[in-house]
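model-v7.csv follows; it contains CSV, C-alpha atoms.
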```
chain,number,residue,atom,x,y,z
A,1,MET,CA,-142.7,189.8,21.4
A,2,THR,CA,-142.0,193.1,19.9
A,3,THR,CA,-140.2,196.4,19.7
A,4,PRO,CA,-141.1,199.6,17.8
A,5,ASP,CA,-142.2,199.2,14.3
A,6,THR,CA,-138.9,199.2,12.4
A,7,ILE,CA,-136.8,196.1,12.1
A,8,ALA,CA,-135.0,197.0,8.9
A,9,THR,CA,-132.0,198.7,10.5
A,10,SER,CA,-129.2,197.1,12.6
A,11,THR,CA,-127.4,197.9,15.8
A,12,THR,CA,-124.3,196.3,14.4
A,13,THR,CA,-121.7,197.8,12.2
A,14,GLY,CA,-120.3,196.4,9.0
A,15,PRO,CA,-122.4,194.6,6.4
A,16,ARG,CA,-126.0,195.6,6.7
A,17,ALA,CA,-128.1,193.3,8.8
A,18,PRO,CA,-130.7,191.3,6.9
A,19,VAL,CA,-134.4,192.1,7.2
A,20,PHE,CA,-137.1,189.5,8.0
A,21,PRO,CA,-140.5,191.3,7.9
A,22,GLY,CA,-142.5,188.1,7.5
A,23,LEU,CA,-141.4,187.0,10.9
A,24,ASP,CA,-143.5,189.7,12.5
A,25,SER,CA,-146.6,188.2,10.9
A,26,ILE,CA,-145.6,184.7,11.9
A,27,ARG,CA,-145.4,186.0,15.5
A,28,ALA,CA,-148.9,187.4,15.1
A,29,VAL,CA,-150.2,184.0,13.9
A,30,ALA,CA,-148.5,182.2,16.7
A,31,SER,CA,-149.8,184.6,19.4
A,32,ILE,CA,-153.4,184.2,18.2
A,33,ALA,CA,-152.9,180.4,18.3
A,34,VAL,CA,-151.9,180.7,21.9
A,35,VAL,CA,-155.0,182.8,22.7
A,36,ALA,CA,-157.1,180.2,21.0
A,37,THR,CA,-155.7,177.2,22.9
A,38,HIS,CA,-156.3,179.0,26.2
A,39,VAL,CA,-159.9,179.9,25.3
A,40,GLY,CA,-160.4,176.3,24.2
A,41,PHE,CA,-159.4,175.2,27.7
A,42,TRP,CA,-161.8,177.6,29.5
A,43,VAL,CA,-164.8,176.7,27.3
A,44,GLY,CA,-164.1,173.0,27.5
A,45,TYR,CA,-163.4,172.6,23.8
A,46,TYR,CA,-160.5,170.1,24.1
A,47,ASP,CA,-163.0,167.3,24.3
A,48,ALA,CA,-164.5,168.1,20.9
A,49,GLY,CA,-162.9,165.2,19.1
A,50,LEU,CA,-160.0,165.8,16.7
A,51,ILE,CA,-160.7,169.5,16.2
A,52,GLY,CA,-160.7,169.9,20.0
A,53,ALA,CA,-157.3,168.1,20.1
A,54,VAL,CA,-156.0,170.4,17.4
A,55,VAL,CA,-157.1,173.5,19.4
A,56,GLN,CA,-155.2,172.1,22.4
A,57,ARG,CA,-152.1,171.5,20.2
A,58,LEU,CA,-152.2,175.2,19.2
A,59,GLU,CA,-149.8,175.5,22.1
A,60,VAL,CA,-147.3,174.9,19.3
A,61,GLY,CA,-147.1,178.7,19.4
A,62,VAL,CA,-144.6,178.1,22.2
A,63,ALA,CA,-142.3,176.2,19.8
A,64,ILE,CA,-142.7,178.9,17.1
A,65,PHE,CA,-141.7,181.7,19.5
A,66,PHE,CA,-138.8,179.8,20.9
A,67,VAL,CA,-137.5,179.0,17.4
A,68,LEU,CA,-137.8,182.7,16.6
A,69,SER,CA,-135.9,183.7,19.7
A,70,GLY,CA,-133.1,181.3,18.9
A,71,PHE,CA,-132.8,182.6,15.4
A,72,LEU,CA,-133.1,186.3,16.0
A,73,LEU,CA,-131.0,186.5,19.1
A,74,ALA,CA,-128.1,184.3,17.9
A,75,HIS,CA,-127.9,186.0,14.5
A,76,PRO,CA,-125.7,188.9,15.6
A,77,TRP,CA,-123.1,186.6,17.2
A,78,LEU,CA,-123.0,184.5,14.0
A,79,ARG,CA,-122.8,187.6,11.7
A,80,GLU,CA,-119.9,188.9,13.8
A,81,LEU,CA,-118.0,185.6,13.5
A,82,ARG,CA,-118.6,185.4,9.7
A,83,THR,CA,-118.3,189.0,8.6
A,84,GLY,CA,-116.8,190.9,11.5
A,85,ALA,CA,-119.9,193.1,11.9
A,86,ARG,CA,-119.9,194.3,15.5
A,87,ARG,CA,-122.7,193.3,17.7
A,88,ASP,CA,-124.0,194.8,21.0
A,89,SER,CA,-121.9,194.2,24.1
A,90,THR,CA,-123.3,191.6,26.5
A,91,GLY,CA,-124.2,194.3,29.0
A,92,ARG,CA,-126.2,196.3,26.4
A,93,TYR,CA,-127.8,193.0,25.2
A,94,PHE,CA,-129.1,192.4,28.8
A,95,VAL,CA,-130.3,196.0,29.1
A,96,LYS,CA,-132.3,195.7,25.9
A,97,ARG,CA,-133.8,192.4,27.1
A,98,ALA,CA,-134.8,193.9,30.4
A,99,LEU,CA,-136.4,197.0,28.8
A,100,ARG,CA,-138.3,194.8,26.4
A,101,ILE,CA,-139.6,192.3,28.8
A,102,LEU,CA,-140.1,193.7,32.3
A,103,PRO,CA,-142.3,196.9,32.0
A,104,VAL,CA,-145.2,195.2,30.4
A,105,TYR,CA,-144.7,192.1,32.5
A,106,TRP,CA,-144.9,194.1,35.7
A,107,VAL,CA,-148.0,196.0,34.6
A,108,VAL,CA,-149.7,192.7,33.8
A,109,VAL,CA,-148.7,191.0,37.1
A,110,VAL,CA,-150.1,193.9,39.0
A,111,GLY,CA,-153.3,193.8,36.9
A,112,ALA,CA,-153.8,190.1,37.4
A,113,ILE,CA,-153.4,190.2,41.1
A,114,LEU,CA,-155.7,193.2,41.5
A,115,LEU,CA,-158.4,192.4,39.0
A,116,VAL,CA,-158.8,188.6,39.1
A,117,GLN,CA,-160.9,187.5,42.0
A,118,GLU,CA,-159.1,184.2,42.5
A,119,ASN,CA,-155.9,186.2,43.3
A,120,ALA,CA,-157.6,188.2,46.1
A,121,GLY,CA,-155.5,188.0,49.2
A,122,THR,CA,-152.3,187.2,47.5
A,123,SER,CA,-149.5,187.3,50.1
A,124,PRO,CA,-146.6,189.8,49.8
A,125,ALA,CA,-144.3,186.9,49.2
A,126,ARG,CA,-146.2,185.8,46.2
A,127,TRP,CA,-146.2,189.3,44.9
A,128,VAL,CA,-142.5,189.3,45.1
A,129,ASP,CA,-142.1,185.9,43.5
A,130,ALA,CA,-144.3,186.9,40.6
A,131,LEU,CA,-142.7,190.3,40.1
A,132,LEU,CA,-139.2,188.7,40.1
A,133,MET,CA,-140.4,186.0,37.7
A,134,ILE,CA,-139.2,183.3,40.0
A,135,ASP,CA,-142.6,181.8,41.0
A,136,LEU,CA,-142.1,179.0,38.5
A,137,TYR,CA,-139.3,177.7,40.6
A,138,VAL,CA,-140.3,178.5,44.1
A,139,ASP,CA,-144.1,178.1,44.2
A,140,ASP,CA,-146.3,175.0,43.6
A,141,THR,CA,-148.5,176.9,41.2
A,142,LEU,CA,-148.6,180.1,39.3
A,143,LEU,CA,-151.2,182.8,40.1
A,144,GLN,CA,-154.4,182.8,38.1
A,145,SER,CA,-154.1,184.6,34.7
A,146,LEU,CA,-150.3,184.4,35.0
A,147,THR,CA,-150.0,180.7,34.2
A,148,GLN,CA,-148.8,181.4,30.7
A,149,MET,CA,-145.7,183.1,32.2
A,150,TRP,CA,-143.9,179.9,32.7
A,151,SER,CA,-142.8,180.1,29.1
A,152,LEU,CA,-141.7,183.7,29.6
A,153,ALA,CA,-139.6,182.6,32.6
A,154,THR,CA,-138.1,179.9,30.4
A,155,GLU,CA,-137.3,182.4,27.6
A,156,VAL,CA,-135.7,184.7,30.1
A,157,ALA,CA,-133.5,181.8,31.2
A,158,PHE,CA,-132.5,181.4,27.6
A,159,TYR,CA,-131.6,185.1,27.4
A,160,VAL,CA,-129.4,184.6,30.4
A,161,VAL,CA,-127.5,181.6,29.1
A,162,LEU,CA,-127.3,182.7,25.5
A,163,PRO,CA,-124.1,184.7,25.8
A,164,VAL,CA,-122.4,181.7,27.4
A,165,LEU,CA,-123.9,179.3,24.8
A,166,MET,CA,-122.8,181.5,21.9
A,167,ALA,CA,-119.3,181.8,23.5
A,168,VAL,CA,-119.0,178.1,23.6
A,169,LEU,CA,-120.4,177.7,20.1
A,170,VAL,CA,-118.1,180.4,18.6
A,171,ARG,CA,-114.9,180.1,20.6
A,172,VAL,CA,-114.8,176.4,21.6
A,173,VAL,CA,-116.7,174.6,18.8
A,174,ALA,CA,-115.9,176.9,15.9
A,175,ARG,CA,-112.5,178.0,17.3
A,176,SER,CA,-113.4,181.6,16.4
A,177,ARG,CA,-113.6,180.6,12.7
A,178,TRP,CA,-116.6,180.1,10.4
A,179,ARG,CA,-117.2,176.4,10.8
A,180,PRO,CA,-120.9,175.9,10.2
A,181,VAL,CA,-120.8,172.1,10.1
A,182,ALA,CA,-119.2,172.0,13.5
A,183,MET,CA,-121.7,174.4,15.0
A,184,LEU,CA,-124.6,172.5,13.5
A,185,GLY,CA,-123.3,169.3,14.9
A,186,ALA,CA,-123.0,170.9,18.4
A,187,LEU,CA,-126.6,172.2,18.1
A,188,ALA,CA,-127.7,168.7,17.2
A,189,VAL,CA,-126.0,167.3,20.3
A,190,LEU,CA,-127.7,170.1,22.3
A,191,SER,CA,-131.1,169.1,20.9
A,192,LEU,CA,-130.5,165.4,21.8
A,193,ALA,CA,-129.5,166.4,25.3
A,194,SER,CA,-132.7,168.4,25.6
A,195,LEU,CA,-134.7,165.3,24.6
A,196,VAL,CA,-132.9,163.4,27.3
A,197,TRP,CA,-134.1,166.0,29.8
A,198,VAL,CA,-137.7,165.5,28.5
A,199,VAL,CA,-137.4,161.8,29.2
A,200,LEU,CA,-135.9,162.3,32.7
A,201,ALA,CA,-138.6,165.0,33.5
A,202,ALA,CA,-141.3,162.4,32.9
A,203,GLY,CA,-139.5,160.0,35.3
A,204,PRO,CA,-136.7,160.4,37.8
A,205,LEU,CA,-136.8,164.2,37.9
A,206,THR,CA,-140.5,164.4,38.8
A,207,ALA,CA,-139.4,164.3,42.5
A,208,TRP,CA,-137.8,167.8,42.0
A,209,GLY,CA,-141.2,169.4,41.3
A,210,ALA,CA,-143.5,170.3,38.5
A,211,TRP,CA,-141.1,173.0,37.2
A,212,VAL,CA,-138.8,170.4,35.6
A,213,THR,CA,-141.3,169.9,32.8
A,214,GLN,CA,-141.2,173.7,32.1
A,215,ALA,CA,-137.6,174.4,32.6
A,216,LEU,CA,-135.2,175.6,29.9
A,217,PRO,CA,-133.3,172.3,29.4
A,218,GLY,CA,-136.4,170.6,28.0
A,219,TYR,CA,-136.8,173.4,25.4
A,220,LEU,CA,-133.2,173.9,24.3
A,221,GLY,CA,-134.0,171.9,21.2
A,222,TRP,CA,-136.5,174.5,20.0
A,223,PHE,CA,-134.1,177.3,20.7
A,224,GLY,CA,-131.3,175.3,19.1
A,225,ALA,CA,-133.4,174.8,15.9
A,226,GLY,CA,-133.6,178.6,15.7
A,227,ILE,CA,-129.9,179.0,16.2
A,228,ALA,CA,-129.3,176.4,13.5
A,229,LEU,CA,-131.5,178.3,11.1
A,230,ALA,CA,-129.4,181.4,11.9
A,231,VAL,CA,-126.2,179.5,11.1
A,232,LEU,CA,-127.6,178.4,7.7
A,233,ASP,CA,-128.9,181.9,6.9
A,234,VAL,CA,-125.5,183.5,7.6
A,235,GLU,CA,-123.8,180.7,5.6
A,236,GLY,CA,-126.1,181.2,2.7
A,237,ARG,CA,-125.7,185.0,2.6
A,238,HIS,CA,-121.9,185.0,2.7
A,239,ALA,CA,-120.7,181.8,1.1
A,240,GLU,CA,-119.5,181.9,-2.4
A,241,PRO,CA,-122.3,181.1,-4.9
A,242,GLY,CA,-122.6,177.3,-5.4
A,243,ARG,CA,-120.3,176.6,-2.4
A,244,GLU,CA,-122.7,177.0,0.4
A,245,LEU,CA,-123.8,173.9,2.4
A,246,ALA,CA,-126.3,171.5,0.9
A,247,ALA,CA,-128.6,172.3,3.8
A,248,VAL,CA,-128.7,175.9,2.7
A,249,ARG,CA,-129.8,174.9,-0.8
A,250,TRP,CA,-132.4,172.5,0.7
A,251,CYS,CA,-133.8,175.4,2.9
A,252,ARG,CA,-134.1,177.6,-0.2
A,253,THR,CA,-135.8,174.9,-2.1
A,254,ALA,CA,-138.3,174.4,0.7
A,255,ALA,CA,-138.9,178.1,1.2
A,256,ALA,CA,-139.6,178.5,-2.6
A,257,ALA,CA,-142.9,176.5,-1.8
A,258,PRO,CA,-144.2,178.4,1.2
A,259,TRP,CA,-147.7,177.0,1.1
A,260,THR,CA,-146.3,173.5,0.9
A,261,CYS,CA,-144.3,174.3,4.1
A,262,TRP,CA,-147.6,175.4,5.7
A,263,LEU,CA,-149.3,172.2,4.5
A,264,VAL,CA,-146.5,170.2,6.1
A,265,ALA,CA,-146.9,172.1,9.3
A,266,VAL,CA,-150.7,171.4,9.4
A,267,ALA,CA,-150.2,167.7,8.6
A,268,VAL,CA,-147.6,167.3,11.3
A,269,LEU,CA,-149.8,169.2,13.8
A,270,LEU,CA,-152.6,166.8,13.0
A,271,VAL,CA,-150.2,163.9,13.8
A,272,ALA,CA,-149.3,165.6,17.0
A,273,SER,CA,-153.1,165.9,17.8
A,274,THR,CA,-153.4,162.1,17.9
A,275,PRO,CA,-152.6,160.1,21.1
A,276,LEU,CA,-148.9,160.1,19.9
A,277,GLY,CA,-148.7,163.7,21.3
A,278,GLY,CA,-150.2,162.7,24.6
A,279,PRO,CA,-153.5,163.6,26.3
A,280,VAL,CA,-155.3,166.8,25.6
A,281,GLN,CA,-156.1,167.5,29.2
A,282,LEU,CA,-153.7,169.0,31.7
A,283,VAL,CA,-152.2,165.7,32.9
A,284,SER,CA,-148.6,164.4,32.8
A,285,ARG,CA,-147.2,163.0,29.6
A,286,THR,CA,-145.2,159.8,29.4
A,287,ALA,CA,-141.6,160.1,28.3
A,288,ALA,CA,-142.5,158.8,24.8
A,289,GLU,CA,-145.3,161.3,24.4
A,290,GLY,CA,-143.1,164.1,25.6
A,291,VAL,CA,-140.4,163.3,23.1
A,292,CYS,CA,-142.9,162.9,20.3
A,293,ARG,CA,-144.6,166.3,21.1
A,294,THR,CA,-141.2,168.1,21.3
A,295,VAL,CA,-140.0,166.7,18.0
A,296,LEU,CA,-143.3,167.2,16.1
A,297,TYR,CA,-143.7,170.8,17.4
A,298,ALA,CA,-140.2,171.6,16.3
A,299,VAL,CA,-141.0,170.4,12.8
A,300,VAL,CA,-144.1,172.6,12.7
A,301,ALA,CA,-142.2,175.6,14.0
A,302,VAL,CA,-139.4,175.2,11.5
A,303,ALA,CA,-141.8,174.6,8.6
A,304,VAL,CA,-143.7,177.8,9.4
A,305,VAL,CA,-140.7,180.0,10.0
A,306,LEU,CA,-138.5,178.7,7.1
A,307,PRO,CA,-140.2,180.6,4.2
A,308,SER,CA,-139.8,184.0,5.9
A,309,ILE,CA,-136.0,183.4,6.3
A,310,PHE,CA,-134.9,181.8,3.1
A,311,GLY,CA,-137.8,182.7,0.7
A,312,ASP,CA,-137.8,185.2,-2.1
A,313,PRO,CA,-139.2,188.6,-0.7
A,314,SER,CA,-140.8,189.4,-4.0
A,315,THR,CA,-143.3,186.5,-4.0
A,316,THR,CA,-147.0,186.9,-3.2
A,317,TYR,CA,-146.5,185.0,0.0
A,318,ALA,CA,-143.8,187.3,1.2
A,319,ARG,CA,-145.7,190.4,0.2
A,320,ILE,CA,-148.7,189.2,2.1
A,321,LEU,CA,-146.7,188.6,5.3
A,322,ALA,CA,-145.1,192.0,4.9
A,323,LEU,CA,-148.4,193.9,5.0
A,324,PRO,CA,-148.2,196.6,7.7
A,325,PRO,CA,-151.4,195.5,9.5
A,326,LEU,CA,-150.2,191.9,9.9
A,327,ARG,CA,-146.8,193.1,11.0
A,328,HIS,CA,-148.3,195.4,13.5
A,329,LEU,CA,-150.2,192.5,15.0
A,330,GLY,CA,-146.8,190.9,15.5
A,331,HIS,CA,-145.5,194.1,17.1
A,332,ILE,CA,-148.2,193.9,19.8
A,333,SER,CA,-148.1,190.2,20.2
A,334,TYR,CA,-146.0,190.3,23.5
A,335,SER,CA,-148.7,192.4,25.2
A,336,LEU,CA,-151.4,190.1,23.7
A,337,PHE,CA,-149.6,187.2,25.2
A,338,CYS,CA,-149.3,188.8,28.6
A,339,CYS,CA,-152.8,190.2,29.0
A,340,HIS,CA,-155.2,187.8,27.3
A,341,LEU,CA,-155.6,185.4,30.3
A,342,ILE,CA,-156.7,188.4,32.5
A,343,VAL,CA,-159.4,189.2,29.9
A,344,ILE,CA,-160.5,185.5,29.9
A,345,ALA,CA,-160.7,185.3,33.7
A,346,VAL,CA,-162.4,188.6,34.2
A,347,ALA,CA,-164.9,187.8,31.5
A,348,PHE,CA,-165.8,184.5,33.1
A,349,GLU,CA,-166.0,186.1,36.6
A,350,ARG,CA,-168.0,189.3,35.7
A,351,LEU,CA,-170.2,188.0,33.0
A,352,ASP,CA,-171.1,184.8,34.8
A,353,LEU,CA,-169.9,182.6,32.0
A,354,VAL,CA,-170.0,178.9,32.6
A,355,LEU,CA,-166.5,177.3,32.9
A,356,PHE,CA,-166.2,174.5,30.3
A,357,GLY,CA,-169.7,175.3,28.9
A,358,GLU,CA,-169.4,178.3,26.6
A,359,ASN,CA,-169.3,178.6,22.8
A,360,MET,CA,-165.7,178.5,21.6
A,361,LEU,CA,-166.1,180.9,18.6
A,362,VAL,CA,-168.1,183.5,20.5
A,363,VAL,CA,-165.7,183.6,23.5
A,364,LEU,CA,-162.6,183.6,21.2
A,365,VAL,CA,-163.8,186.6,19.2
A,366,GLY,CA,-164.7,188.5,22.3
A,367,VAL,CA,-161.5,187.8,24.0
A,368,LEU,CA,-159.4,188.7,21.0
A,369,ALA,CA,-161.3,191.9,20.5
A,370,VAL,CA,-160.8,193.1,24.0
A,371,SER,CA,-157.2,191.8,24.3
A,372,LEU,CA,-156.1,193.4,21.1
A,373,VAL,CA,-157.4,196.8,22.3
A,374,LEU,CA,-155.5,196.4,25.6
A,375,SER,CA,-152.4,195.2,23.8
A,376,GLU,CA,-152.4,198.3,21.6
A,377,ILE,CA,-152.7,200.4,24.7
A,378,LEU,CA,-149.8,198.6,26.4
A,379,TYR,CA,-147.7,198.7,23.3
A,380,ARG,CA,-148.1,202.5,22.9
A,381,LEU,CA,-148.0,203.5,26.6
A,382,VAL,CA,-145.5,201.0,28.0
A,383,GLU,CA,-143.6,199.0,25.4
A,384,ARG,CA,-142.6,201.8,23.0
A,385,PRO,CA,-141.6,204.4,25.6
A,386,PHE,CA,-139.4,201.9,27.4
A,387,MET,CA,-137.8,200.6,24.3
A,388,ARG,CA,-136.8,204.1,23.3
A,389,LEU,CA,-134.6,204.2,26.4
A,390,LYS,CA,-132.4,201.6,24.8
A,391,ASP,CA,-131.0,204.2,22.5
A,392,VAL,CA,-130.3,206.9,25.1
A,393,GLY,CA,-126.7,208.0,24.7
A,394,ARG,CA,-126.4,206.5,21.2
A,395,ARG,CA,-125.8,208.8,18.3
A,396,THR,CA,-127.6,206.6,15.8
A,397,PRO,CA,-130.7,205.0,17.2
A,398,ALA,CA,-131.6,201.8,15.5
A,399,THR,CA,-133.7,198.7,16.0
A,400,THR,CA,-133.0,195.2,14.9
A,401,ALA,CA,-135.3,192.2,14.5
A,402,ALA,CA,-133.1,190.4,17.1
A,403,GLU,CA,-134.5,192.8,19.7
A,404,ARG,CA,-137.9,191.3,19.5
A,405,PRO,CA,-138.5,188.7,22.2
A,406,ALA,CA,-140.4,186.1,20.5
A,407,SER,CA,-142.1,184.2,23.2
A,408,ALA,CA,-145.9,184.2,23.6
A,409,SER,CA,-146.7,180.9,24.9
A,410,SER,CA,-149.1,178.9,26.9
```
Can you turn what I pasted into structure tokens?
Amino acid sequence: MTTPDTIATSTTTGPRAPVFPGLDSIRAVASIAVVATHVGFWVGYYDAGLIGAVVQRLEVGVAIFFVLSGFLLAHPWLRELRTGARRDSTGRYFVKRALRILPVYWVVVVGAILLVQENAGTSPARWVDALLMIDLYVDDTLLQSLTQMWSLATEVAFYVVLPVLMAVLVRVVARSRWRPVAMLGALAVLSLASLVWVVLAAGPLTAWGAWVTQALPGYLGWFGAGIALAVLDVEGRHAEPGRELAAVRWCRTAAAAPWTCWLVAVAVLLVASTPLGGPVQLVSRTAAEGVCRTVLYAVVAVAVVLPSIFGDPSTTYARILALPPLRHLGHISYSLFCCHLIVIAVAFERLDLVLFGENMLVVLVGVLAVSLVLSEILYRLVERPFMRLKDVGRRTPATTAAERPASASS
């Protein structure tokens, strides 16, 4: 998810905030992967052997976006602890999140209810549930073409708990001092607790409803991985040379071979595409399959994100990911995430396409072409105007990478 084009400046004072231009392009790749996995479902491509399973597993875009959110949003808290650089107040943080998320979301909710035939006759109560983003928790199913919004609701839940989580991490665990090992240990415990929730969600908690498999506790490990990367990045930037944590040196070594990182990500995704990761159809996973999927997707996400955080910005890889057209795709990725299912549904309804019976490549190209045009319109007419409001009353408008909500998930 994105803000206006600049991420190079910071809303904090003190040492200049670092720049991560490659993360915009990573966001673009992940958002297109999400579109591909949804198209794959509608055309029935999941049954096409291993390649079909890989298409289904492109839902790994969820993990990538959650890791990005954890990294970018936790970074200001950690910089403040390590360097004293001031961050936004909690109130301003929430205002920015609302301005970033809600306007496009509301436009898309209205569009889905009015344009998609399956949503005809939606009751006023369902309108309210969808507009308030609480339908994940109070309704049995999400409205057609809004089913991807479960992950946005989960990310918003993360936004809400992040100030508390960071307060615990900084004040309780770290005791308001720079103690990266202690914080990493706490994040490891958080990730293990998240896996426990995944296990319980496949068993005892199923009686609570389908929402338990999509609720924040089951994904805190992905957000936690992003926060851990932020801890290591801040440690690496401000520790004395040669005295940083060994984990920082390992991250730099891995990031120095970015294509190897991508090879690892592809290999792990292939493993996740086997029965170890569970069925490809929309059926419940066992506890073991859920844990395996969660862990493998985390590895894929970290491997993909790592080079753009710890890598040398002068390398060919970094220069490719910093290309303006690729970064711009990342800028419009939130709108792409929000609107693409409407495009799919309307195309199948109005063009008499056969559900589970169309050509994957043809539909994917068509959906991307239309969705990207709509995303550009939403970005220019909705996203950017509302994001400008965040600087009303400030003498020095600025934008930071942490303002970009990163979720675009299935």
Find the residues near region 139-153 of chain A: any atom within 8 Å, counting all atoms listed in the file, skip ones fewer than 2 places away on the same chain, and give them as a PDB file with C-alpha atoms, in the frame of the given file.
```pdb
ATOM      1  CA  VAL A  62    -144.600 178.100  22.200  1.00  0.00           C
ATOM      2  CA  VAL A 109    -148.700 191.000  37.100  1.00  0.00           C
ATOM      3  CA  ALA A 112    -153.800 190.100  37.400  1.00  0.00           C
ATOM      4  CA  ILE A 113    -153.400 190.200  41.100  1.00  0.00           C
ATOM      5  CA  VAL A 116    -158.800 188.600  39.100  1.00  0.00           C
ATOM      6  CA  GLU A 118    -159.100 184.200  42.500  1.00  0.00           C
ATOM      7  CA  ASN A 119    -155.900 186.200  43.300  1.00  0.00           C
ATOM      8  CA  MET A 133    -140.400 186.000  37.700  1.00  0.00           C
ATOM      9  CA  ILE A 134    -139.200 183.300  40.000  1.00  0.00           C
ATOM     10  CA  ASP A 135    -142.600 181.800  41.000  1.00  0.00           C
ATOM     11  CA  LEU A 136    -142.100 179.000  38.500  1.00  0.00           C
ATOM     12  CA  TYR A 137    -139.300 177.700  40.600  1.00  0.00           C
ATOM     13  CA  GLU A 155    -137.300 182.400  27.600  1.00  0.00           C
ATOM     14  CA  VAL A 156    -135.700 184.700  30.100  1.00  0.00           C
ATOM     15  CA  ALA A 157    -133.500 181.800  31.200  1.00  0.00           C
ATOM     16  CA  GLY A 209    -141.200 169.400  41.300  1.00  0.00           C
ATOM     17  CA  ALA A 210    -143.500 170.300  38.500  1.00  0.00           C
ATOM     18  CA  GLN A 214    -141.200 173.700  32.100  1.00  0.00           C
ATOM     19  CA  CYS A 338    -149.300 188.800  28.600  1.00  0.00           C
ATOM     20  CA  LEU A 341    -155.600 185.400  30.300  1.00  0.00           C
ATOM     21  CA  ILE A 342    -156.700 188.400  32.500  1.00  0.00           C
ATOM     22  CA  ALA A 345    -160.700 185.300  33.700  1.00  0.00           C
ATOM     23  CA  SER A 407    -142.100 184.200  23.200  1.00  0.00           C
ATOM     24  CA  ALA A 408    -145.900 184.200  23.600  1.00  0.00           C
ATOM     25  CA  SER A 409    -146.700 180.900  24.900  1.00  0.00           C
ATOM     26  CA  SER A 410    -149.100 178.900  26.900  1.00  0.00           C
TER      27      SER A 410
END
```
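Picture a line from CA of Gly52 (chain A) to CA of Leu326 (chain A); it runs 26.4 Å.
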Among listed residues A:Arg79, A:Gly290, A:Thr260, A:His238, nearest Tyr317 (chain A) (using only C-alpha atoms): A:Thr260
Between A:Ala215, A:Ala256, A:Val108, A:Val198, which has the minimum distance to Ser375 (chain A) (counting all atoms listed in the file)? A:Val108
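Closest to His38 (chain A) among A:Ala272, A:Leu364, A:Val199, A:Ala63 is A:Leu364, based on only C-alpha atoms.
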Within 8 Å of Gly311 (chain A), counting only C-alpha atoms, which residues qualify if same-chain residues fewer than 3 places away don't, as a list in words? Arg252, Ala255, Ala256, Pro258, Leu306, Pro307, Ser308 and Ala318 of chain A
Which residue is closest to Leu102 (chain A)? Choose from A:Val173, A:Ala130, A:Leu321, A:Ala33 and count all atoms listed in the file.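 Checking each candidate against Leu102 (chain A), we get A:Ala130 as the closest.
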Kindly give the distance, in Å, that separates CA of Val300 (chain A) and CA of Lys96 (chain A), rounded to a single decimal. 29.1 Å
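Put simply, CA of Val104 (chain A) is 17.6 Å away from CA of Ala28 (chain A).
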Every residue with an atom at most 10 Å from (-142.7, 167.5, 20.3) (file coordinates; all atoms listed in the file) is what I'm after, so could you write them as a ChimeraX atom specification? /A:60,63,195,198,219,221-222,269,272,276-278,288-300
Go through A:Gly121, A:Pro18, A:Met387, A:Val343 one by one, measure the shortest atom-to-atom distance of each to Val367 (chain A) using only C-alpha atoms, and give the residue with the smallest value. A:Val343
